[in-house]
Amino acid sequence: MDGGRGERAPLLDLREVDESQVSVVGGKAANLGALSRIDGIRVPAGFCVTTAAFRQVLAQTPSIDERLDQLSRLSPDHREAIRTLSTEIRHSIEETPIPDDLAAAITEALVRLGERAAYAVRSSATAEDTPTASFAGQQDTYLNVVGPEAIRRHVSRCWASLFTERAVIYRLRNGIDHRTAQMAVVVQRMVFPDAAGILFTADPLTGNRKVATVDASFGLGEALVSGLVNPDVFRVRDGEVVAGTVAAKQRAVVAVPGGGTRKVTIEGPRQEQPALTQAQVVRLVRLGRRIEAHFGRPQDIEWCLVDDDFQIVQSRPITTLFPVPAADDQENHVYLSVGHQQMMTDAMRPLGLSMWQLTAIAPMRAAGGRLFVDAIRLLASPTSRAGFLTVAGRDDPLMRDALETLIDRGNFVPTLPDPGGPGRPTTGGASTSIETDPAVVTELIGRSEASIAALRRDIATVTGTALFDFLLEAFQEHKRILGEPLNMQAIMAGMEATWWLNDRLHEWLGEKNAADTLTLSAPGNVTSEMGLALLDVADVIRPHPEVVAFLQGVTHDDFLDELPKVAGGAEARAAIEAYLDRYGMRCVGEIDITRPRWSERPSTLVPVLLDNVKLFEPGAAGRRFEQGRQQAQQKAQEVLTRLRALPDGEQKADETARMIDRVRTFIGYREYPKYGIIIRYFIYKQALLAEAERLVRAGVLTETEDVFYLTFQEFHEVVRSHRVDDELIRGRRDAFRSYQALTPPRVLTSDGEVITGAYRRDDVPAGALAGVPVSAGTVEGRARVILDMAQADLEAGDILVTAHTDPSWTPLFVGIAGLVTEVGGAMTHGAVIAREYGLPAVVSVLDATRLIRDGQRIRVHGSDGYVEILP
């Protein structure tokens with residue numbers, strides 16, 4: 001057997017293999033080799049047929065290149081074509097003879113290990129059992145294979161299983177090139193266990209890294225993996241079994257002499273016996289912790305028990321767990337999702353994460369491509385806790401319920417002195433010193449615009465490493481403007497006035513969410529103005545059929561250059577460019593600086609523009625704003641009239657009138673600070689991309705977007721040194737792809753446990769989906785489940801159902817009748833704009849895009865906070 005570590009070796013002993021050789025032996029074999037090196041861990045002996053042998057056979061397989069080309073052009077939804085083509089590829093591989101030298105090497109290895117012994121022949125793909133993709137169950141394993149000829153035949157079957165239908169679809173969905181995925185094969189001495197099963201070194205349901213779970217059954221683990229039996233399940237924490245369930249195990253899978261396996265019936269009394277003793281469970285978990293420490297992450301481990309001795313036959317990372325933010329201590333931490341507050345829970349690239357961290361007022365930690373803030377100190381003091389939970393409950397009841405669930409346990413959140421200081425959340429009174437004066441808003445906007453103008457002017461004079469020094473100073477100005485007391489007071493003034501009106505008018509008049517109507521068409525809301533402004537652009541386009549036809553065929557982002565060639569195109573381009581001059585820095589997921597802005601990808605707006613042309617008459621923007629203003633005015637008069645008829649009515653009416661004036665003065669400004677942030681972000685981005693382009697021209701980077709996978713600090717160092725770690729960038733790309741598949745939790749503990757909140761309500765009809773009521777009214781219509789704004793195709797009366805909406809979704813709001821989102825709260829952007837436009841809206845509806853099908857009729861109860869799916 002070739003003991004070399006080179007890629008051309010056809011066979012390697014498992015003891016010669018480690019994690020550095022995934023490209024040679026695949027993920028499973030690399031992990032088995034690493035396991036065999038861990039002190040105290042027993043792994044059955046065996047060898048690996050390397051990817052070099054696979055490539056040799058694949059090169060001899062007829063028509064393989066043509067078929068791989070065809071496969072790469074399919075989408076995951078082309079099931080029938082995938083099934084046909086993958087079957088053809090598998091048959092061709094299985095029918096391709098194994099070269100004589102490889103057949104001889106396999107026989108020689110078997111002679112050393114025991115030619116007539118039984119073996120497990122197991123697939124080991126290069127993209128399998130890696131930190132970013134487990135590929136669990138995607139390729140084949142064959143147990144109890146006896147004899148060189150049978151083993152060679154099953155090696156060919158394992159190679160072919162790289163192209164099972166499920167494996168092909170998995171790669172297509174995860175963006176993995178079929179040509180880069182290669183197959184090695186592990187041949188291992190069979191273990192004939194008394195019991196077998198799976199050990200998770202972290203709880204796979206809650207994510208808690210301190211709780212291990214053990215599934216166990218009699219005989220081979222195949223019975224458990226295939227679902228033939230319900231296993232015994234044990235939970236272990238701190239070296240102690242804290243919970244256990246012994247299942248009735250009626251059957252088992254055992255090896256058959258001469259090869260193969262069969263199912264057997266377990267005799268009556270033994271069915272109820274545990275497959276492991278508690279002492280064995282604890283010992284197994286101890287071994288698992290050793291394996292976890294070696295690999296540096298939670299593991300999914302397959303084990304066998306033979307004569308009270310554990311043997312490990314596989315270990316892979318648990319890729320479904322959400323990563324835990326790194327901490328430099330061993331204390332407990334409670335991490336709250338920033339994305340749920342910013343209405344953008346998608347994964348962010350490293351540059352986007354680090355830029356938000358550098359420009360945010362609160363310290364943030366990154367994990368799984370998302371950002372979190374640590375709330376442990378606020379929760380630890382009873383005084384600050386009460387205020388914090390009040391604010392959290394107003395905006396996100398699910399987050400509050402999750403936090404209360406954690407606090408009620410009494411063993412995780414410590415008791416600490418009140419933190420006080422500026423980090424303490426505002427619950428009231430912060431805006432009492434600010435007058436209800438529109439000049440305050442005018443002054444704040446003027447300050448912001450002057451600061452942005454200075455940034456735009458000064459940043460044009462710096463390049464290279466000086467740019468990064470300049471930006472670090474600019475970030476301080478960014479935070480100063482955002483954290484300015486007057487800015488925070490103006491934001492809170494509008495929010496607190498909203499809360500006051502809703503609370504008092506419900507108490508005095510029985511009105512639910514009265515502020516929703518009282519804030520219609522509030523002045524100075526830059527986000528709602530953005531949606532109406534696109535209606536004005538549609539007014540320019542509508543009279544020109546040639547322009548409409550041209551836009552219907554747009555497939556690229558340089559369409560504005562071609563637009564003047566059609567009748568009316570020059571006017572249309574001028575209107576679109578004027579819109580982009582004011583709003584082109586926005587985009588979906590705009591808190592991530594790496595996302596393409598509308599100015600960079602103007603085709604994103606075309607479907608919305610066409611919907612506006614189709615759905616509205618000329619002048620709709622002005623009419624809509626004026627209609628909302630009049631509704632708000634009429635509601636104010638109605639409320640004040642009703643209040644005056646109550647005891648102490650004049651006083652109540654006077655207080656309410658002052659609060660209505662206050663909310664209309666300040667609530668529009670709620671959207672401006674984010675607008676200012678995104679303007680700054682686009683200025684930062686343009687300067688940073690110019691640096692990246694210089695690095696590409698110098699041959700340092702392959703493409704400008706490589707810098708998106710570096711942090712700000714790493715980017716600075718690349719500019720300084722003109723050296724980049726290409727492997728780091730590749731790894732970051734793979735990690736980002738894996739993070740995109742994860743769902744971020746609202747609340748995550750430092751133990752890795754995801755705490756899920758619940759709506760504890762008895763006012764929601766059976767079968768309805770509960771959420772947060774954020775904009776009053778009831779509407780019934782067709783649900784349009786849209787996850788990509790660029791794919792919108794709306795009709796009048798449609799209800800938008802989506803995961804989350806940041807300000808960039810606002811242009812869609814003018815053409816819909818209602819809104820349902822999975823994320824959001826009463827004062828997040830989507831809710832504010834829904835109220836501005838008078839759209840009934842319910843947010844924070846768990847799994848709305850999964851439970852509501854596109855095209856279904858639904859009824860949105862925006863005042864009561866639930867959604868009915870209609871027959």
# chains A, B, ... in the order shown; residues from 1 in each chain; ligands from 1

call {"tool": "residues_around", "arguments": {"residues": "A:Ile376", "least_positions_apart": "6", "cutoff": "8 Å", "atoms": "only C-alpha atoms", "output": "ChimeraX atom specification"}}
result
/A:332-335,413

call {"tool": "select_by_dssp", "arguments": {"residues": "stretch 647-861 of chain A", "states": "strand (DSSP E)", "output": "ChimeraX atom specification"}}
result
/A:747-749,754-755,769-770,772-775,778-785,799-802,818-821,841-843,857-861

call {"tool": "residues_around", "arguments": {"residues": "stretch 715-728 of chain A", "least_positions_apart": "2", "cutoff": "12 Å", "atoms": "only C-alpha atoms", "output": "ChimeraX atom specification"}}
result
/A:350-352,354-355,463-472,688-713,730-735

call {"tool": "residues_around", "arguments": {"residues": "A:Val537", "least_positions_apart": "4", "cutoff": "8 Å", "atoms": "only C-alpha atoms", "output": "mmCIF file with all heavy atoms, in the first residue's frame"}}
result
data_model
loop_
_atom_site.group_PDB
_atom_site.id
_atom_site.type_symbol
_atom_site.label_atom_id
_atom_site.label_comp_id
_atom_site.auth_asym_id
_atom_site.auth_seq_id
_atom_site.Cartn_x
_atom_site.Cartn_y
_atom_site.Cartn_z
ATOM 1 N N ALA A 533 -42.752 58.497 -4.574
ATOM 2 C CA ALA A 533 -41.959 59.086 -5.652
ATOM 3 C C ALA A 533 -41.850 58.140 -6.841
ATOM 4 O O ALA A 533 -41.760 58.589 -7.999
ATOM 5 C CB ALA A 533 -40.571 59.460 -5.145
ATOM 6 N N ILE A 541 -43.600 57.431 -17.322
ATOM 7 C CA ILE A 541 -43.453 56.289 -18.240
ATOM 8 C C ILE A 541 -44.776 55.917 -18.911
ATOM 9 O O ILE A 541 -44.820 55.573 -20.102
ATOM 10 C CB ILE A 541 -42.893 55.075 -17.463
ATOM 11 C CG1 ILE A 541 -41.458 55.369 -17.029
ATOM 12 C CG2 ILE A 541 -42.983 53.791 -18.268
ATOM 13 C CD1 ILE A 541 -40.901 54.345 -16.052
ATOM 14 N N ALA A 572 -38.098 59.213 -19.696
ATOM 15 C CA ALA A 572 -38.158 58.115 -18.720
ATOM 16 C C ALA A 572 -36.818 57.955 -18.006
ATOM 17 O O ALA A 572 -36.763 57.795 -16.780
ATOM 18 C CB ALA A 572 -38.554 56.818 -19.413
ATOM 19 N N ALA A 575 -36.270 60.651 -15.437
ATOM 20 C CA ALA A 575 -37.073 60.449 -14.224
ATOM 21 C C ALA A 575 -36.485 59.350 -13.347
ATOM 22 O O ALA A 575 -36.405 59.477 -12.111
ATOM 23 C CB ALA A 575 -38.510 60.104 -14.608
ATOM 24 N N ILE A 576 -36.061 58.251 -13.978
ATOM 25 C CA ILE A 576 -35.467 57.143 -13.210
ATOM 26 C C ILE A 576 -34.157 57.581 -12.574
ATOM 27 O O ILE A 576 -33.880 57.283 -11.400
ATOM 28 C CB ILE A 576 -35.261 55.916 -14.121
ATOM 29 C CG1 ILE A 576 -36.600 55.361 -14.578
ATOM 30 C CG2 ILE A 576 -34.459 54.833 -13.383
ATOM 31 C CD1 ILE A 576 -36.496 54.283 -15.650
ATOM 32 N N TYR A 579 -34.711 59.731 -9.613
ATOM 33 C CA TYR A 579 -35.114 58.885 -8.475
ATOM 34 C C TYR A 579 -33.884 58.218 -7.851
ATOM 35 O O TYR A 579 -33.722 58.191 -6.625
ATOM 36 C CB TYR A 579 -36.117 57.839 -8.950
ATOM 37 C CG TYR A 579 -36.685 56.973 -7.846
ATOM 38 C CD1 TYR A 579 -37.802 57.390 -7.128
ATOM 39 C CD2 TYR A 579 -36.103 55.753 -7.512
ATOM 40 C CE1 TYR A 579 -38.325 56.603 -6.104
ATOM 41 C CE2 TYR A 579 -36.619 54.964 -6.505
ATOM 42 C CZ TYR A 579 -37.731 55.394 -5.799
ATOM 43 O OH TYR A 579 -38.233 54.623 -4.784
ATOM 44 N N LEU A 609 -41.803 49.291 -11.017
ATOM 45 C CA LEU A 609 -42.236 50.378 -11.896
ATOM 46 C C LEU A 609 -43.365 49.923 -12.819
ATOM 47 O O LEU A 609 -44.364 50.632 -13.012
ATOM 48 C CB LEU A 609 -41.050 50.860 -12.723
ATOM 49 C CG LEU A 609 -40.320 52.111 -12.249
ATOM 50 C CD1 LEU A 609 -39.108 52.373 -13.130
ATOM 51 C CD2 LEU A 609 -41.250 53.314 -12.235
#

call {"tool": "residues_around", "arguments": {"residues": "stretch 485-500 of chain A", "least_positions_apart": "5", "cutoff": "10 Å", "atoms": "only C-alpha atoms", "output": "ChimeraX atom specification"}}
result
/A:394,426-436,440-441,443-445,480,505-506,513-516,518-519,656,658-673,826-827

call {"tool": "residues_around", "arguments": {"residues": "A:Gly797", "least_positions_apart": "3", "cutoff": "8 Å", "atoms": "only C-alpha atoms", "output": "ChimeraX atom specification"}}
result
/A:781-782,815-817

call {"tool": "select_by_dssp", "arguments": {"residues": "stretch 561-774 of chain A", "states": "alpha helix (DSSP H)", "output": "ChimeraX atom specification"}}
result
/A:561-562,569-583,606-615,620-644,649-666,672-697,712-721,726-740

call {"tool": "residues_around", "arguments": {"residues": "A:Gln182", "least_positions_apart": "6", "cutoff": "8 Å", "atoms": "only C-alpha atoms", "output": "mmCIF file with N, CA, C and O atoms, in the first residue's frame"}}
result
data_model
loop_
_atom_site.group_PDB
_atom_site.id
_atom_site.type_symbol
_atom_site.label_atom_id
_atom_site.label_comp_id
_atom_site.auth_asym_id
_atom_site.auth_seq_id
_atom_site.Cartn_x
_atom_site.Cartn_y
_atom_site.Cartn_z
ATOM 1 N N SER A 23 -9.375 16.501 0.195
ATOM 2 C CA SER A 23 -9.418 16.430 -1.266
ATOM 3 C C SER A 23 -8.923 15.086 -1.794
ATOM 4 O O SER A 23 -9.198 14.721 -2.931
ATOM 5 N N GLY A 26 -11.688 12.375 0.968
ATOM 6 C CA GLY A 26 -13.069 12.706 1.302
ATOM 7 C C GLY A 26 -13.250 13.001 2.774
ATOM 8 O O GLY A 26 -12.376 12.721 3.618
ATOM 9 N N THR A 51 -9.396 9.621 -4.095
ATOM 10 C CA THR A 51 -10.032 10.293 -5.228
ATOM 11 C C THR A 51 -9.212 10.144 -6.507
ATOM 12 O O THR A 51 -9.760 10.281 -7.607
ATOM 13 N N PHE A 54 -10.733 7.359 -8.206
ATOM 14 C CA PHE A 54 -12.033 7.775 -8.749
ATOM 15 C C PHE A 54 -11.849 8.545 -10.052
ATOM 16 O O PHE A 54 -12.550 8.298 -11.043
ATOM 17 N N ARG A 55 -10.900 9.478 -10.076
ATOM 18 C CA ARG A 55 -10.674 10.267 -11.292
ATOM 19 C C ARG A 55 -10.214 9.378 -12.440
ATOM 20 O O ARG A 55 -10.596 9.583 -13.603
ATOM 21 N N ALA A 125 -17.235 11.354 0.172
ATOM 22 C CA ALA A 125 -17.149 12.422 -0.821
ATOM 23 C C ALA A 125 -16.306 13.579 -0.305
ATOM 24 O O ALA A 125 -16.217 13.809 0.908
ATOM 25 N N THR A 126 -15.719 14.330 -1.220
ATOM 26 C CA THR A 126 -14.843 15.434 -0.804
ATOM 27 C C THR A 126 -15.623 16.574 -0.168
ATOM 28 O O THR A 126 -15.039 17.388 0.551
ATOM 29 N N ALA A 127 -16.921 16.689 -0.447
ATOM 30 C CA ALA A 127 -17.731 17.748 0.163
ATOM 31 C C ALA A 127 -18.566 17.202 1.314
ATOM 32 O O ALA A 127 -19.499 17.841 1.776
ATOM 33 N N LEU A 162 -22.145 9.003 -5.920
ATOM 34 C CA LEU A 162 -21.930 10.449 -5.956
ATOM 35 C C LEU A 162 -23.002 11.110 -6.816
ATOM 36 O O LEU A 162 -23.250 12.306 -6.705
#

call {"tool": "closest_residue", "arguments": {"among": "A:Val772, A:Leu794, A:Val785, A:Ala252", "to": "A:Lys614", "atoms": "only C-alpha atoms"}}
result
A:Leu794

call {"tool": "atom_distance", "arguments": {"atom1": "atom CA of A:Leu819", "atom2": "atom CA of A:Val747"}}
result
24.8 Å

call {"tool": "decode", "arguments": {"residues": "stretch 302-334 of chain A", "atoms": "N, CA, C and O atoms", "output": "compact mmCIF listing (two decimals), in the first residue's frame"}}
result
# COMPACT_ATOMS: atom_id res chain seq x y z
N GLU A 302 -21.32 8.37 15.16
CA GLU A 302 -21.88 7.02 15.11
C GLU A 302 -20.95 6.08 15.88
O GLU A 302 -19.74 6.09 15.66
N TRP A 303 -21.54 5.30 16.78
CA TRP A 303 -20.76 4.46 17.67
C TRP A 303 -21.30 3.02 17.69
O TRP A 303 -22.45 2.78 17.35
N CYS A 304 -20.45 2.12 18.11
CA CYS A 304 -20.83 0.72 18.30
C CYS A 304 -20.30 0.25 19.64
O CYS A 304 -19.20 0.65 20.07
N LEU A 305 -21.05 -0.60 20.31
CA LEU A 305 -20.61 -1.18 21.59
C LEU A 305 -20.36 -2.66 21.38
O LEU A 305 -21.27 -3.41 21.03
N VAL A 306 -19.10 -3.08 21.60
CA VAL A 306 -18.71 -4.49 21.46
C VAL A 306 -18.03 -4.92 22.76
O VAL A 306 -16.96 -4.40 23.11
N ASP A 307 -18.69 -5.84 23.49
CA ASP A 307 -18.11 -6.33 24.75
C ASP A 307 -17.72 -5.19 25.67
O ASP A 307 -16.60 -5.12 26.19
N ASP A 308 -18.64 -4.27 25.88
CA ASP A 308 -18.46 -3.12 26.78
C ASP A 308 -17.34 -2.18 26.32
O ASP A 308 -16.79 -1.41 27.10
N ASP A 309 -17.01 -2.24 25.03
CA ASP A 309 -15.96 -1.37 24.50
C ASP A 309 -16.56 -0.56 23.34
O ASP A 309 -17.14 -1.15 22.42
N PHE A 310 -16.43 0.75 23.41
CA PHE A 310 -17.00 1.60 22.36
C PHE A 310 -16.02 1.76 21.20
O PHE A 310 -14.84 2.04 21.41
N GLN A 311 -16.53 1.58 19.98
CA GLN A 311 -15.76 1.87 18.78
C GLN A 311 -16.51 2.93 17.98
O GLN A 311 -17.74 2.89 17.87
N ILE A 312 -15.77 3.87 17.42
CA ILE A 312 -16.36 4.99 16.69
C ILE A 312 -16.21 4.73 15.20
O ILE A 312 -15.10 4.50 14.70
N VAL A 313 -17.34 4.76 14.49
CA VAL A 313 -17.30 4.45 13.07
C VAL A 313 -17.57 5.68 12.19
O VAL A 313 -17.46 5.60 10.97
N GLN A 314 -17.88 6.81 12.81
CA GLN A 314 -18.03 8.03 12.03
C GLN A 314 -18.20 9.22 12.97
O GLN A 314 -18.78 9.10 14.05
N SER A 315 -17.69 10.37 12.55
CA SER A 315 -17.94 11.61 13.26
C SER A 315 -17.99 12.73 12.23
O SER A 315 -17.11 12.84 11.37
N ARG A 316 -19.05 13.51 12.31
CA ARG A 316 -19.22 14.63 11.38
C ARG A 316 -19.70 15.84 12.17
O ARG A 316 -20.33 15.69 13.22
N PRO A 317 -19.44 17.05 11.68
CA PRO A 317 -19.96 18.23 12.37
C PRO A 317 -21.48 18.31 12.27
O PRO A 317 -22.07 17.86 11.28
N ILE A 318 -22.12 18.86 13.30
CA ILE A 318 -23.56 19.11 13.25
C ILE A 318 -23.74 20.46 12.57
O ILE A 318 -23.55 21.51 13.18
N THR A 319 -24.06 20.44 11.29
CA THR A 319 -24.07 21.67 10.50
C THR A 319 -25.36 22.47 10.67
O THR A 319 -25.43 23.61 10.20
N THR A 320 -26.36 21.90 11.35
CA THR A 320 -27.63 22.62 11.49
C THR A 320 -27.65 23.54 12.71
O THR A 320 -28.59 24.33 12.87
N LEU A 321 -26.65 23.46 13.57
CA LEU A 321 -26.63 24.30 14.76
C LEU A 321 -26.25 25.73 14.40
O LEU A 321 -25.35 25.96 13.58
N PHE A 322 -26.91 26.67 15.04
CA PHE A 322 -26.50 28.06 14.81
C PHE A 322 -25.26 28.33 15.65
O PHE A 322 -25.21 28.03 16.84
N PRO A 323 -24.21 28.90 15.03
CA PRO A 323 -22.97 29.16 15.77
C PRO A 323 -23.19 30.12 16.94
O PRO A 323 -24.10 30.96 16.91
N VAL A 324 -22.33 30.01 17.94
CA VAL A 324 -22.42 30.85 19.13
C VAL A 324 -21.39 31.97 19.02
O VAL A 324 -20.22 31.71 18.69
N PRO A 325 -21.76 33.22 19.28
CA PRO A 325 -20.76 34.30 19.26
C PRO A 325 -19.61 33.99 20.21
O PRO A 325 -19.81 33.47 21.31
N ALA A 326 -18.41 34.30 19.78
CA ALA A 326 -17.22 34.05 20.60
C ALA A 326 -17.20 35.02 21.77
O ALA A 326 -17.52 36.19 21.64
N ALA A 327 -16.83 34.50 22.94
CA ALA A 327 -16.68 35.33 24.13
C ALA A 327 -15.31 35.08 24.74
O ALA A 327 -14.76 33.97 24.62
N ASP A 328 -14.76 36.08 25.40
CA ASP A 328 -13.44 35.93 25.99
C ASP A 328 -13.50 35.59 27.47
O ASP A 328 -12.55 35.82 28.22
N ASP A 329 -14.64 35.04 27.89
CA ASP A 329 -14.79 34.61 29.27
C ASP A 329 -15.67 33.37 29.31
O ASP A 329 -16.16 32.91 28.29
N GLN A 330 -15.88 32.83 30.49
CA GLN A 330 -16.72 31.64 30.66
C GLN A 330 -18.06 31.99 31.30
O GLN A 330 -18.78 31.10 31.77
N GLU A 331 -18.41 33.27 31.32
CA GLU A 331 -19.65 33.70 31.93
C GLU A 331 -20.84 33.41 31.00
O GLU A 331 -20.68 33.18 29.81
N ASN A 332 -22.04 33.47 31.58
CA ASN A 332 -23.25 33.31 30.79
C ASN A 332 -23.54 34.60 30.00
O ASN A 332 -23.34 35.70 30.52
N HIS A 333 -24.03 34.43 28.78
CA HIS A 333 -24.40 35.56 27.94
C HIS A 333 -25.74 35.27 27.28
O HIS A 333 -26.07 34.11 26.98
N VAL A 334 -26.51 36.33 27.04
CA VAL A 334 -27.79 36.23 26.35
C VAL A 334 -27.72 37.12 25.12
O VAL A 334 -27.66 38.35 25.22
